[in-house]
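Participant: Below is the file run-v4.txt, which contains compact mmCIF, C-alpha atoms.
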# COMPACT_ATOMS: atom_id res chain seq x y z
CA MET Z 25 -16.37 -22.69 -5.40
CA LYS Z 26 -13.88 -25.27 -6.52
CA ILE Z 27 -10.38 -24.63 -7.74
CA ARG Z 28 -7.77 -27.19 -8.72
CA ILE Z 29 -4.28 -26.87 -7.29
CA ASN Z 30 -1.72 -29.32 -8.69
CA GLY Z 31 -4.63 -31.48 -9.82
CA ILE Z 32 -6.24 -31.60 -6.38
CA ASP Z 33 -9.76 -30.24 -5.97
CA CYS Z 34 -9.89 -27.55 -3.30
CA GLU Z 35 -12.82 -25.69 -1.85
CA ALA Z 36 -12.29 -21.92 -1.93
CA GLN Z 37 -14.27 -18.84 -1.02
CA PRO Z 38 -14.48 -16.08 -3.64
CA GLY Z 39 -11.83 -13.49 -2.80
CA GLU Z 40 -9.70 -15.92 -0.84
CA PHE Z 41 -6.02 -15.84 -1.76
CA ILE Z 42 -4.55 -18.83 -3.55
CA LEU Z 43 -1.81 -19.20 -0.94
CA ASP Z 44 -4.35 -19.55 1.88
CA VAL Z 45 -6.35 -22.16 -0.03
CA ALA Z 46 -3.17 -24.10 -0.80
CA ARG Z 47 -1.97 -24.01 2.80
CA ARG Z 48 -5.33 -25.24 4.08
CA ASN Z 49 -5.06 -28.18 1.72
CA ASN Z 50 -1.50 -28.97 2.74
CA ILE Z 51 -0.05 -27.92 -0.58
CA TYR Z 52 3.38 -26.38 -0.07
CA ILE Z 53 4.23 -23.02 -1.60
CA PRO Z 54 7.49 -21.46 -0.39
CA THR Z 55 7.24 -17.99 1.18
CA LEU Z 56 9.47 -15.64 3.09
CA CYS Z 57 7.50 -12.42 3.56
CA HIS Z 58 4.22 -14.09 4.49
CA HIS Z 59 2.86 -14.48 7.98
CA ASP Z 60 -0.63 -15.68 8.90
CA ALA Z 61 -1.12 -12.65 11.12
CA PHE Z 62 -0.83 -10.25 8.20
CA ALA Z 63 -2.26 -9.79 4.75
CA GLY Z 64 0.10 -10.68 1.91
CA GLU Z 65 2.34 -7.95 0.53
CA ALA Z 66 3.96 -9.84 -2.34
CA ARG Z 67 7.41 -8.62 -1.43
CA CYS Z 68 9.58 -11.72 -1.66
CA ARG Z 69 7.56 -13.08 -4.59
CA LEU Z 70 8.63 -16.64 -3.85
CA CYS Z 71 4.98 -17.70 -3.69
CA ILE Z 72 4.51 -17.26 -7.44
CA VAL Z 73 2.33 -19.91 -9.09
CA GLU Z 74 0.91 -20.53 -12.53
CA VAL Z 75 -2.78 -19.88 -12.95
CA VAL Z 76 -4.77 -21.19 -15.90
CA GLU Z 77 -7.98 -19.29 -16.41
CA ARG Z 78 -10.12 -19.46 -19.52
CA GLY Z 79 -7.39 -21.33 -21.31
CA ARG Z 80 -4.70 -18.71 -20.61
CA SER Z 81 -1.78 -19.34 -18.33
CA ARG Z 82 0.00 -16.68 -16.35
CA VAL Z 83 2.26 -16.29 -13.35
CA VAL Z 84 0.77 -14.61 -10.27
CA THR Z 85 1.87 -14.03 -6.68
CA SER Z 86 -0.38 -16.39 -4.76
CA CYS Z 87 -0.35 -14.45 -1.47
CA VAL Z 88 -2.22 -11.54 -3.06
CA TYR Z 89 -4.11 -13.25 -5.88
CA PRO Z 90 -7.79 -13.60 -4.99
CA VAL Z 91 -9.78 -16.51 -6.31
CA ALA Z 92 -12.56 -15.16 -8.51
CA GLY Z 93 -13.50 -18.06 -10.75
CA GLU Z 94 -12.84 -21.69 -11.41
CA ILE Z 95 -9.12 -21.72 -11.92
CA GLU Z 96 -6.42 -24.28 -12.35
CA VAL Z 97 -3.28 -23.62 -10.30
CA ALA Z 98 0.14 -25.21 -10.59
CA THR Z 99 2.65 -24.45 -7.85
CA ASP Z 100 5.74 -26.28 -8.97
CA THR Z 101 6.00 -26.31 -12.75
CA GLU Z 102 9.27 -26.05 -14.57
CA LYS Z 103 8.53 -22.43 -15.41
CA ILE Z 104 7.80 -21.59 -11.76
CA ARG Z 105 10.89 -23.38 -10.54
CA SER Z 106 13.04 -21.49 -13.00
CA LEU Z 107 11.53 -18.14 -11.99
CA ARG Z 108 11.98 -18.96 -8.30
CA LYS Z 109 15.54 -19.88 -9.04
CA THR Z 110 16.15 -16.39 -10.40
CA LEU Z 111 14.41 -14.82 -7.40
CA LEU Z 112 16.55 -16.85 -5.03
CA MET Z 113 19.70 -15.97 -6.94
CA LEU Z 114 18.83 -12.30 -6.40
CA LEU Z 115 18.01 -12.86 -2.72
CA LEU Z 116 21.26 -14.72 -2.29
CA ALA Z 117 23.08 -11.84 -3.95
CA ARG Z 118 21.66 -9.62 -1.24
CA THR Z 119 22.21 -11.92 1.74
CA PRO Z 120 25.06 -14.21 0.73
CA GLN Z 121 25.71 -15.55 4.23
CA ASN Z 122 22.15 -16.07 5.42
CA GLU Z 123 21.39 -19.70 6.24
CA THR Z 124 17.67 -19.56 5.42
CA ILE Z 125 18.30 -18.05 2.01
CA LYS Z 126 21.26 -20.31 1.33
CA LYS Z 127 19.16 -23.38 2.09
CA LEU Z 128 16.29 -22.28 -0.15
CA ALA Z 129 18.71 -21.31 -2.89
CA ARG Z 130 20.31 -24.77 -2.73
CA GLU Z 131 16.88 -26.38 -3.01
CA TYR Z 132 16.31 -24.50 -6.24
CA GLY Z 133 19.75 -25.27 -7.60
CA VAL Z 134 21.29 -21.82 -7.28
CA THR Z 135 24.99 -22.46 -7.21
CA GLU Z 136 26.50 -19.07 -7.79
CA VAL Z 137 25.56 -15.44 -7.81
CA ALA Z 138 26.48 -13.84 -11.06
CA ARG Z 139 27.19 -10.20 -11.74
CA PHE Z 140 26.30 -8.79 -8.33
CA GLU Z 141 28.45 -7.53 -5.54
CA SER Z 142 27.29 -8.64 -2.13
CA ASP Z 143 27.62 -7.37 1.39
CA PRO Z 144 28.58 -10.44 3.46
CA GLN Z 145 27.06 -8.84 6.58
CA GLU Z 146 23.61 -8.31 5.07
CA GLU Z 147 20.88 -10.67 6.27
CA CYS Z 148 17.74 -8.60 5.73
CA ILE Z 149 15.60 -9.16 2.65
CA LEU Z 150 13.37 -6.12 3.36
CA CYS Z 151 10.21 -8.20 3.69
CA ASN Z 152 8.72 -5.62 6.06
CA LEU Z 153 7.35 -8.19 8.52
CA CYS Z 154 9.29 -6.71 11.45
CA VAL Z 155 7.95 -3.24 10.73
CA ARG Z 156 4.40 -4.53 10.61
CA ALA Z 157 4.82 -6.62 13.76
CA CYS Z 158 6.25 -3.66 15.62
CA GLU Z 159 3.42 -1.43 14.49
CA GLN Z 160 0.73 -3.98 15.36
CA LEU Z 161 2.05 -5.37 18.61
CA GLY Z 162 3.84 -2.50 20.02
CA ALA Z 163 5.65 0.60 19.63
CA GLY Z 164 6.15 1.52 16.00
CA ALA Z 165 9.83 1.80 16.78
CA ILE Z 166 11.20 0.61 13.46
CA TYR Z 167 10.45 1.63 9.91
CA ALA Z 168 12.01 1.38 6.50
CA VAL Z 169 14.34 4.31 5.89
CA ASN Z 170 16.01 5.58 2.71
CA ARG Z 171 15.21 3.99 -0.61
CA GLY Z 172 16.67 2.02 -3.43
CA VAL Z 173 19.93 0.30 -2.65
CA THR Z 174 20.32 2.14 0.67
CA LYS Z 175 16.90 1.12 1.97
CA LYS Z 176 16.94 -0.61 5.34
CA VAL Z 177 14.91 -1.11 8.47
CA ALA Z 178 15.99 1.29 11.18
CA THR Z 179 15.00 3.02 14.36
CA LEU Z 180 14.17 6.72 14.61
CA PHE Z 181 17.24 8.72 13.51
CA GLU Z 182 19.10 5.37 13.60
CA GLU Z 183 19.74 5.89 17.27
CA PRO Z 184 19.03 3.45 20.12
CA ALA Z 185 15.27 3.11 19.82
CA GLU Z 186 13.52 5.29 22.36
CA GLU Z 187 10.05 4.00 21.46
CA CYS Z 188 11.17 0.36 21.54
CA ILE Z 189 9.71 -1.72 24.38
CA GLY Z 190 12.17 -4.56 23.83
CA CYS Z 191 9.46 -7.12 23.04
CA ALA Z 192 11.58 -8.66 20.26
CA ALA Z 193 8.50 -9.35 18.14
CA CYS Z 194 10.53 -8.04 15.19
CA ALA Z 195 13.20 -10.67 15.75
CA ALA Z 196 10.64 -13.43 16.32
CA ILE Z 197 8.82 -12.76 13.05
CA CYS Z 198 11.94 -12.22 10.90
CA PRO Z 199 12.08 -15.01 8.30
CA THR Z 200 15.85 -14.84 7.94
CA GLY Z 201 16.86 -14.16 11.53
CA ALA Z 202 18.38 -10.85 10.50
CA ILE Z 203 17.41 -8.98 13.67
CA LYS Z 204 19.76 -9.79 16.50
CA VAL Z 205 18.64 -10.07 20.11
CA LEU Z 206 21.17 -10.67 22.84
CA GLU Z 207 19.97 -11.95 26.20
CA LYS Z 208 22.28 -12.45 29.10
CA GLU Z 209 22.44 -11.86 32.83
CA GLY Z 210 18.87 -10.65 32.97
CA LYS Z 211 19.36 -8.10 30.20
CA ARG Z 212 18.11 -7.99 26.65
CA ILE Z 213 19.92 -5.98 24.00
CA ILE Z 214 18.03 -5.17 20.82
CA TRP Z 215 18.20 -2.22 18.39
CA ASN Z 216 21.23 -0.92 20.26
CA ARG Z 217 19.32 -0.52 23.45
CA GLU Z 218 19.68 -2.44 26.67
CA PHE Z 219 16.62 -3.53 28.64
CA GLU Z 220 16.37 -4.94 32.17
CA MET Z 221 14.37 -8.15 32.09
CA VAL Z 222 11.75 -9.12 34.63
CA PRO Z 223 12.13 -12.56 36.25
CA CYS Z 224 9.13 -14.89 36.31
CA SER Z 225 7.56 -14.85 39.79
CA ASN Z 226 7.31 -18.64 39.70
CA CYS Z 227 10.41 -20.09 38.04
CA GLY Z 228 12.67 -17.05 38.23
CA ARG Z 229 13.59 -17.06 34.53
CA PRO Z 230 13.91 -13.56 33.06
CA PHE Z 231 11.18 -13.58 30.43
CA ALA Z 232 10.21 -10.07 29.34
CA THR Z 233 11.25 -6.48 29.67
CA ALA Z 234 9.58 -4.19 32.18
CA GLU Z 235 8.66 -1.81 29.35
CA GLN Z 236 7.01 -4.63 27.44
CA LEU Z 237 4.88 -5.74 30.41
CA ALA Z 238 3.81 -2.20 31.23
CA PHE Z 239 2.93 -1.58 27.58
CA TYR Z 240 0.79 -4.70 27.28
CA ARG Z 241 -0.92 -4.12 30.63
CA ALA Z 242 -1.92 -0.64 29.55
CA ARG Z 243 -2.97 -1.75 26.10
CA LEU Z 244 -4.93 -4.82 27.17
CA LYS Z 245 -6.24 -3.12 30.30
CA VAL Z 246 -5.14 -6.11 32.38
CA ALA Z 247 -5.67 -5.67 36.08
CA PRO Z 248 -2.31 -5.71 37.88
CA ASP Z 249 -3.56 -8.30 40.36
CA ARG Z 250 -4.19 -10.98 37.77
CA TYR Z 251 -2.53 -14.23 38.90
CA GLY Z 252 -2.39 -12.69 42.38
CA GLY Z 253 -0.06 -9.97 41.13
CA ASP Z 254 2.47 -12.56 39.93
CA ARG Z 255 4.35 -11.89 36.71
CA LEU Z 256 4.57 -15.23 34.99
CA CYS Z 257 6.54 -16.40 31.97
CA GLU Z 258 4.68 -18.16 29.15
CA ASN Z 259 5.31 -21.65 30.55
CA CYS Z 260 4.29 -20.84 34.11
CA ARG Z 261 1.27 -18.90 32.91
CA GLN Z 262 0.08 -21.95 30.99
CA LYS Z 263 0.68 -24.17 33.99
CA ARG Z 264 -1.16 -21.78 36.27
CA ALA Z 265 -4.08 -21.53 33.85
CA ALA Z 266 -4.27 -25.31 33.59
CA GLU Z 267 -4.24 -25.64 37.38
CA LEU Z 268 -7.02 -23.11 37.68
CA ALA Z 269 -8.99 -24.89 34.97
CA SER Z 270 -8.62 -28.27 36.65
CA LEU Z 271 -9.72 -26.81 39.98
CA MET Z 272 -12.90 -25.73 38.30
CA SER Z 273 -13.40 -28.85 36.20
CA PRO Z 274 -16.63 -30.82 36.60
CA ALA Z 275 -14.61 -34.03 37.11
CA ARG Z 276 -13.11 -32.59 40.26
CA LEU Z 277 -16.33 -31.10 41.53
CA ARG Z 278 -18.13 -34.38 41.18
CA MET H 1 15.31 31.26 5.37
CA GLU H 2 14.50 31.02 9.05
CA SER H 3 16.46 28.94 11.47
CA TYR H 4 15.13 26.59 14.11
CA LYS H 5 15.15 28.33 17.46
CA ASP H 6 14.62 26.24 20.53
CA GLU H 7 12.70 28.66 22.71
CA ASP H 8 9.73 29.31 20.49
CA PHE H 9 9.91 26.33 18.20
CA ALA H 10 6.84 24.61 19.63
CA ALA H 11 4.76 27.70 18.92
CA GLN H 12 6.20 28.09 15.41
CA ALA H 13 5.57 24.44 14.69
CA LYS H 14 2.02 24.78 15.90
CA SER H 15 1.34 27.57 13.44
CA ILE H 16 2.35 25.27 10.57
CA LEU H 17 0.70 22.13 11.91
CA GLU H 18 -2.64 23.68 12.70
CA ARG H 19 -3.21 24.60 9.08
CA TYR H 20 -3.93 20.91 8.58
CA PRO H 21 -6.39 18.43 10.05
CA ARG H 22 -4.85 15.70 12.20
CA GLU H 23 -4.78 13.19 9.36
CA GLN H 24 -1.83 11.17 8.16
CA ARG H 25 -2.38 12.09 4.54
CA PHE H 26 -1.27 15.64 5.31
CA ALA H 27 2.08 14.54 6.70
CA LEU H 28 3.98 15.25 3.48
CA ALA H 29 2.42 18.69 3.11
CA MET H 30 3.45 19.56 6.66
CA MET H 31 6.96 18.29 6.06
CA GLN H 32 7.21 20.39 2.90
CA ASP H 33 6.14 23.46 4.87
CA PHE H 34 8.89 22.88 7.41
CA GLN H 35 11.40 22.20 4.66
CA ARG H 36 10.42 25.42 2.89
CA LYS H 37 10.52 27.54 6.00
CA TYR H 38 13.70 26.20 7.59
CA ASP H 39 15.47 24.57 4.65
CA TYR H 40 15.63 21.25 6.43
CA LEU H 41 13.70 18.99 8.80
CA SER H 42 15.15 19.02 12.28
CA GLN H 43 14.65 16.07 14.60
CA GLU H 44 12.37 18.24 16.69
CA ALA H 45 10.28 19.13 13.63
CA ILE H 46 9.85 15.43 12.87
CA ARG H 47 8.80 14.78 16.45
CA GLN H 48 6.32 17.66 16.43
CA ILE H 49 4.68 16.47 13.21
CA ALA H 50 4.40 12.93 14.56
CA ALA H 51 3.00 14.12 17.88
CA TYR H 52 0.42 16.26 16.11
CA LEU H 53 -0.67 13.33 13.95
CA GLN H 54 -0.43 10.92 16.89
CA ILE H 55 1.74 8.48 14.98
CA PRO H 56 5.24 7.19 15.76
CA SER H 57 8.03 9.61 14.82
CA GLY H 58 9.70 6.78 12.92
CA LYS H 59 6.97 6.95 10.32
CA ILE H 60 7.74 10.57 9.54
CA TYR H 61 11.46 9.79 9.56
CA SER H 62 10.78 7.01 7.06
CA LEU H 63 9.03 9.46 4.71
CA ALA H 64 11.70 12.09 5.21
CA THR H 65 14.48 9.71 4.24
CA PHE H 66 12.53 8.37 1.25
CA TYR H 67 12.06 11.65 -0.61
CA LYS H 68 15.02 13.60 -1.87
CA ALA H 69 13.02 16.80 -1.44
CA PHE H 70 13.65 16.63 2.30
CA SER H 71 16.91 17.28 4.02
CA LEU H 72 17.61 16.18 7.57
CA GLU H 73 20.63 18.36 8.03
CA LYS H 74 21.13 22.04 7.98
CA LYS H 75 22.16 23.00 4.49
CA GLY H 76 24.80 25.53 3.54
CA LYS H 77 23.94 29.13 2.76
CA TYR H 78 24.47 28.43 -0.93
CA ILE H 79 23.17 25.19 -2.37
CA ILE H 80 25.02 24.15 -5.48
CA LYS H 81 23.09 21.79 -7.70
CA VAL H 82 25.20 20.31 -10.45
CA CYS H 83 23.17 18.85 -13.25
CA ASP H 84 24.06 15.33 -14.30
CA GLY H 85 21.24 14.74 -16.72
CA THR H 86 22.03 13.11 -20.04
CA ALA H 87 22.86 16.32 -21.91
CA CYS H 88 25.11 17.63 -19.13
CA HIS H 89 26.66 14.23 -18.59
CA VAL H 90 27.81 13.90 -22.21
CA ARG H 91 29.25 17.42 -21.92
CA SER H 92 31.43 16.31 -19.01
CA SER H 93 29.38 17.40 -16.03
CA MET H 94 31.34 14.91 -13.93
CA GLN H 95 34.47 17.00 -14.45
CA ILE H 96 32.60 20.06 -13.24
CA LEU H 97 31.46 18.13 -10.21
CA GLU H 98 34.96 16.87 -9.50
CA GLU H 99 36.31 20.42 -9.74
CA ILE H 100 33.76 21.62 -7.18
CA GLU H 101 34.47 18.64 -4.92
CA LYS H 102 38.15 19.51 -5.06
CA LEU H 103 37.61 23.23 -4.47
CA LEU H 104 35.22 22.83 -1.55
CA GLY H 105 36.46 19.54 -0.14
CA ILE H 106 32.95 18.04 0.02
CA MET H 107 31.14 15.29 -1.81
CA PRO H 108 27.56 15.49 -3.16
CA GLY H 109 25.21 15.55 -0.17
CA GLY H 110 27.82 17.30 1.95
CA THR H 111 28.08 20.77 3.41
CA THR H 112 31.29 22.72 3.99
CA ALA H 113 32.42 23.10 7.58
CA ASP H 114 31.82 26.86 7.48
CA GLY H 115 28.20 26.28 6.47
CA ARG H 116 28.63 28.26 3.28
CA PHE H 117 28.11 25.64 0.58
CA SER H 118 26.13 22.47 0.11
CA LEU H 119 26.73 20.30 -2.91
CA GLU H 120 24.11 18.20 -4.66
CA THR H 121 23.63 16.55 -8.01
CA VAL H 122 20.34 16.66 -9.86
CA LYS H 123 19.12 14.61 -12.78
CA CYS H 124 18.16 17.46 -15.12
CA LEU H 125 17.50 21.15 -14.63
CA GLY H 126 15.56 21.39 -17.87
CA THR H 127 18.06 23.78 -19.44
CA CYS H 128 19.97 21.34 -21.59
CA ALA H 129 20.96 24.08 -24.05
CA LEU H 130 23.19 25.47 -21.30
CA ALA H 131 24.89 22.12 -20.62
CA PRO H 132 26.88 21.55 -18.54
CA VAL H 133 24.90 23.57 -16.05
CA MET H 134 24.68 24.16 -12.32
CA VAL H 135 22.42 26.29 -10.19
CA ILE H 136 23.45 28.05 -7.00
CA ASN H 137 20.35 28.90 -4.99
CA ASP H 138 18.28 30.40 -7.83
CA GLU H 139 21.12 31.54 -10.10
CA TYR H 140 21.85 29.45 -13.20
CA TYR H 141 25.35 29.05 -14.60
CA GLY H 142 25.68 27.38 -18.00
CA SER H 143 28.33 26.23 -20.47
CA LEU H 144 30.61 25.56 -17.54
CA THR H 145 34.29 24.81 -17.60
CA ALA H 146 36.54 24.05 -14.69
CA GLY H 147 37.96 27.59 -14.95
CA LYS H 148 34.50 29.19 -14.94
CA VAL H 149 33.55 27.15 -11.89
CA ARG H 150 36.55 28.50 -9.97
CA GLU H 151 35.59 32.07 -10.87
CA ILE H 152 31.97 31.58 -9.91
CA LEU H 153 32.75 29.97 -6.57
CA LYS H 154 35.18 32.79 -5.80
CA LYS H 155 32.25 35.19 -6.12
CA TYR H 156 30.37 33.26 -3.45
CA GLY H 157 33.42 32.69 -1.28
CA ASP H 158 34.91 35.01 1.32
CA GLY H 159 34.48 38.66 0.56
CA GLY H 160 30.80 38.39 -0.07
CA GLY H 161 28.59 36.28 -2.23
CA ALA H 162 26.72 37.43 -5.31
CA ASP H 163 23.57 38.00 -3.31
CA GLU H 164 25.05 38.72 0.09
CA GLU H 165 22.49 40.48 2.20
Rewrite the structure from the file as structure tokens, please.

Facilitator:
Amino acid sequence: MKIRINGIDCEAQPGEFILDVARRNNIYIPTLCHHDAFAGEARCRLCIVEVVERGRSRVVTSCVYPVAGEIEVATDTEKIRSLRKTLLMLLLARTPQNETIKKLAREYGVTEVARFESDPQEECILCNLCVRACEQLGAGAIYAVNRGVTKKVATLFEEPAEECIGCAACAAICPTGAIKVLEKEGKRIIWNREFEMVPCSNCGRPFATAEQLAFYRARLKVAPDRYGGDRLCENCRQKRAAELASLMSPARLR
Amino acid sequence: MESYKDEDFAAQAKSILERYPREQRFALAMMQDFQRKYDYLSQEAIRQIAAYLQIPSGKIYSLATFYKAFSLEKKGKYIIKVCDGTACHVRSSMQILEEIEKLLGIMPGGTTADGRFSLETVKCLGTCALAPVMVINDEYYGSLTAGKVREILKKYGDGGGADEE
């Protein structure tokens, strides 16, 4: 079916979310809590858009709004910009020193945070992406604890995470960079726990924690002798794979 | 109220857990059973529930910290719940609370060092006619004044509580 986004005709499947259709057609909608690997959760609500259906206009969160009929979507109307401005003012009230939020807030003309007290240390917007990444990729070491104003993402009993494998997927997916990872001298410190890192067999760069590699090997059932038993970092693995591919290529065999 | 004992805890936990199928939707019911039996959820209880359900312990911890019905620390022998619902509030329940804080040296959510009292606030006990009201374990005390509070707490203090066993 066809929907119109900002006056541009877009092909959409019934049930597809507006945000996905827009992205495919290179129409920008700002998001913080969205990641292609996960279904939308409508937490940050920045992706709000106006939908006109059967002559009625309303504001919906595009990451969870499925296309059901021929609709008209506007992603950047005055109304939407003003609502996003309020959302960003609230986000900025929560994370006053965060660069990502500050930049977005500036774009929407938020100059000051009224009425709210802020914690200058706070950088987390509680989008839940880290929790979902940890659950999907690894250990389930972090979850949201408490509720209301004391809600935060934390490890079990808020102690150094015993389940954590140090993969840092949580930090990688965090839209605001709130989760801190420290890497130095072959060690990685995350969630108050220190991990020894494994050096790449080829280039010698420490690239992953031992716990992480063991976890993935077990989960993916990778034979330990893959790459001749070498443990390769992402770069060297790509190089090695390319070398292997070129060895096998028809051009070379000819 | 029973207390968590290390030696046979695994067996005790099992007797609670095995009343339920290994499905996540029963997690809250299990947690309530532990809370009822021991008055709080110990770290070990959280681990046992998670292990039984084969989910990360953090998930149970997340639930336990979300609901006010669960406590993660051992509570005092007497749990004082001071009502701060609208009716009690307008009849100066905050003064009652302050008096108790002063007498016991703890804030809401806290437990005295001797393990005798825990202090909590609640948002309505449903007995607004008695405002301002508090309940100690299952005993209600209404129409409180600072003086009355001192008398009541004395009863529960050294020299035996009202329902000392």

Participant: Please check the contacts: residues of chain H at most 7 Å away from chain Z, using all atoms listed in the file, listed as a list in words.

Facilitator: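 The answer, sorted by residue number, is Pro56, Ser57, Gly58, Lys59, Tyr61, Ser62, Thr65 and Phe66 of chain H.
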
Participant: Restricting the calculation to all atoms listed in the file: of H:Val122, H:Ile79, H:Leu104, H:Leu144, which residue gets closest to Ser92 (chain H)?

Facilitator: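 Nearest candidate to Ser92 (chain H) out of H:Val122, H:Ile79, H:Leu104, H:Leu144: H:Leu144.
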
Participant: Which one of H:Lys155, H:Arg19, H:Lys37, H:Arg150 sits closest to Glu101 (chain H) if you count all atoms listed in the file?

Facilitator: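 Distance minimum relative to Glu101 (chain H) lands on H:Arg150.
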
Participant: Which residues are near Ile51 (chain Z)? Cut-off 9 Å, all atoms listed in the file, ignore same chain within fewer than 4 positions. Put them as a list of chain:residue names.

Facilitator: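 Within the cut-off, the hits are Z:Ile29, Z:Asn30, Z:Leu43, Z:Val45, Z:Ala46, Z:Arg47, Z:Thr99.
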
Participant: Just write the chosen residues, C-alpha atoms, as a CSV table (one decimal), keeping the file's coordinate frame.

Facilitator:
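Okay, this is what ended up in part_38.csv:
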chain,number,residue,atom,x,y,z
Z,29,ILE,CA,-4.3,-26.9,-7.3
Z,30,ASN,CA,-1.7,-29.3,-8.7
Z,43,LEU,CA,-1.8,-19.2,-0.9
Z,45,VAL,CA,-6.4,-22.2,0.0
Z,46,ALA,CA,-3.2,-24.1,-0.8
Z,47,ARG,CA,-2.0,-24.0,2.8
Z,99,THR,CA,2.6,-24.4,-7.8

Participant: Just give me the gap between CA of Val97 (chain Z) and CA of Cys198 (chain Z) in Å, one decimal is fine.

Facilitator: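 Atom-to-atom, CA of Val97 (chain Z) and CA of Cys198 (chain Z) are spaced 28.5 Å apart.
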
Participant: Show which residues sit within 12 Å of Lys126 (chain Z), as a list in words. Count all atoms listed in the file, and ignore same-chain residues fewer than 3 positions away.

Facilitator: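 Answer for this query is Lys109, Leu112, Met113, Leu114, Leu115, Leu116, Ala117, Arg118, Thr119, Pro120, Gln121, Asn122, Glu123, Ala129, Arg130, Glu131, Tyr132, Gly133, Val134, Thr135, Glu136, Val137, Glu147 and Thr200 of chain Z.
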
Participant: For region 74-84 of chain Z, please output as a PyMOL selection string all residues within 6 Å (counting all atoms listed in the file; exclusion window: fewer than 2 positions along the same chain).

Facilitator: chain Z and resi 72+86+95-98

Participant: Take CA of Phe239 (chain Z) and CA of Ala61 (chain Z) and report the distance between them in Å, one decimal.

Facilitator: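 Going from CA of Phe239 (chain Z) over to CA of Ala61 (chain Z) covers 20.2 Å.
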
Participant: Name the closest residue to Lys14 (chain H) among the candidates H:Gly157, H:Arg36, H:Met31, H:Gln48; distances are taken between atoms, counting only C-alpha atoms.

Facilitator: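 Looking only at the distances to Lys14 (chain H), the closest residue turns out to be H:Gln48.
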
Participant: I'd like the interatomic distance between CA of Lys75 (chain H) and CA of Thr111 (chain H), to a tenth of an Å.

Facilitator: 6.4 Å

Participant: Dig up all the protein and nucleic acid residues within 12 Å of (-6.2, -21.2, 2.7) in the file frame, using all atoms listed in the file, and format them as a ChimeraX atom specification.

Facilitator: /Z:27,29,34-53,60,86-91

Participant: When you look at Met107 (chain H) with a cut-off of 9 Å (counting only C-alpha atoms), what residues show up, excluding the ones that are within fewer than 2 positions of it in the same chain? I need them as a list in words.

Facilitator: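 Selected residues are Leu97, Glu98, Ile100, Glu101, Lys102, Leu104, Gly105, Gly109, Gly110, Thr111, Ser118, Leu119 and Glu120 of chain H.
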
Participant: Of the residues H:Leu17, H:Tyr78, H:Ile46, H:Met94, which is the one nearest to Phe117 (chain H), using all atoms listed in the file?

Facilitator: H:Tyr78

Participant: Determine the nearest neighbour of Leu72 (chain H) from the options H:Ala113, H:Leu53, H:Gln35, H:Leu103, counting only C-alpha atoms.

Facilitator: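 Between H:Ala113, H:Leu53, H:Gln35, H:Leu103, the residue approaching Leu72 (chain H) most closely is H:Gln35.
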
Participant: As JSON, please report the centre and edge lengths, rounded to one decimal in Å, of the axis-aligned box that holds all listed atoms of region 112-120 of chain H with 4 Å of padding on each of the six sides.

Facilitator:
{"center_x": 28.3, "center_y": 23.2, "center_z": 1.5, "size_x": 16.3, "size_y": 18.1, "size_z": 20.2}
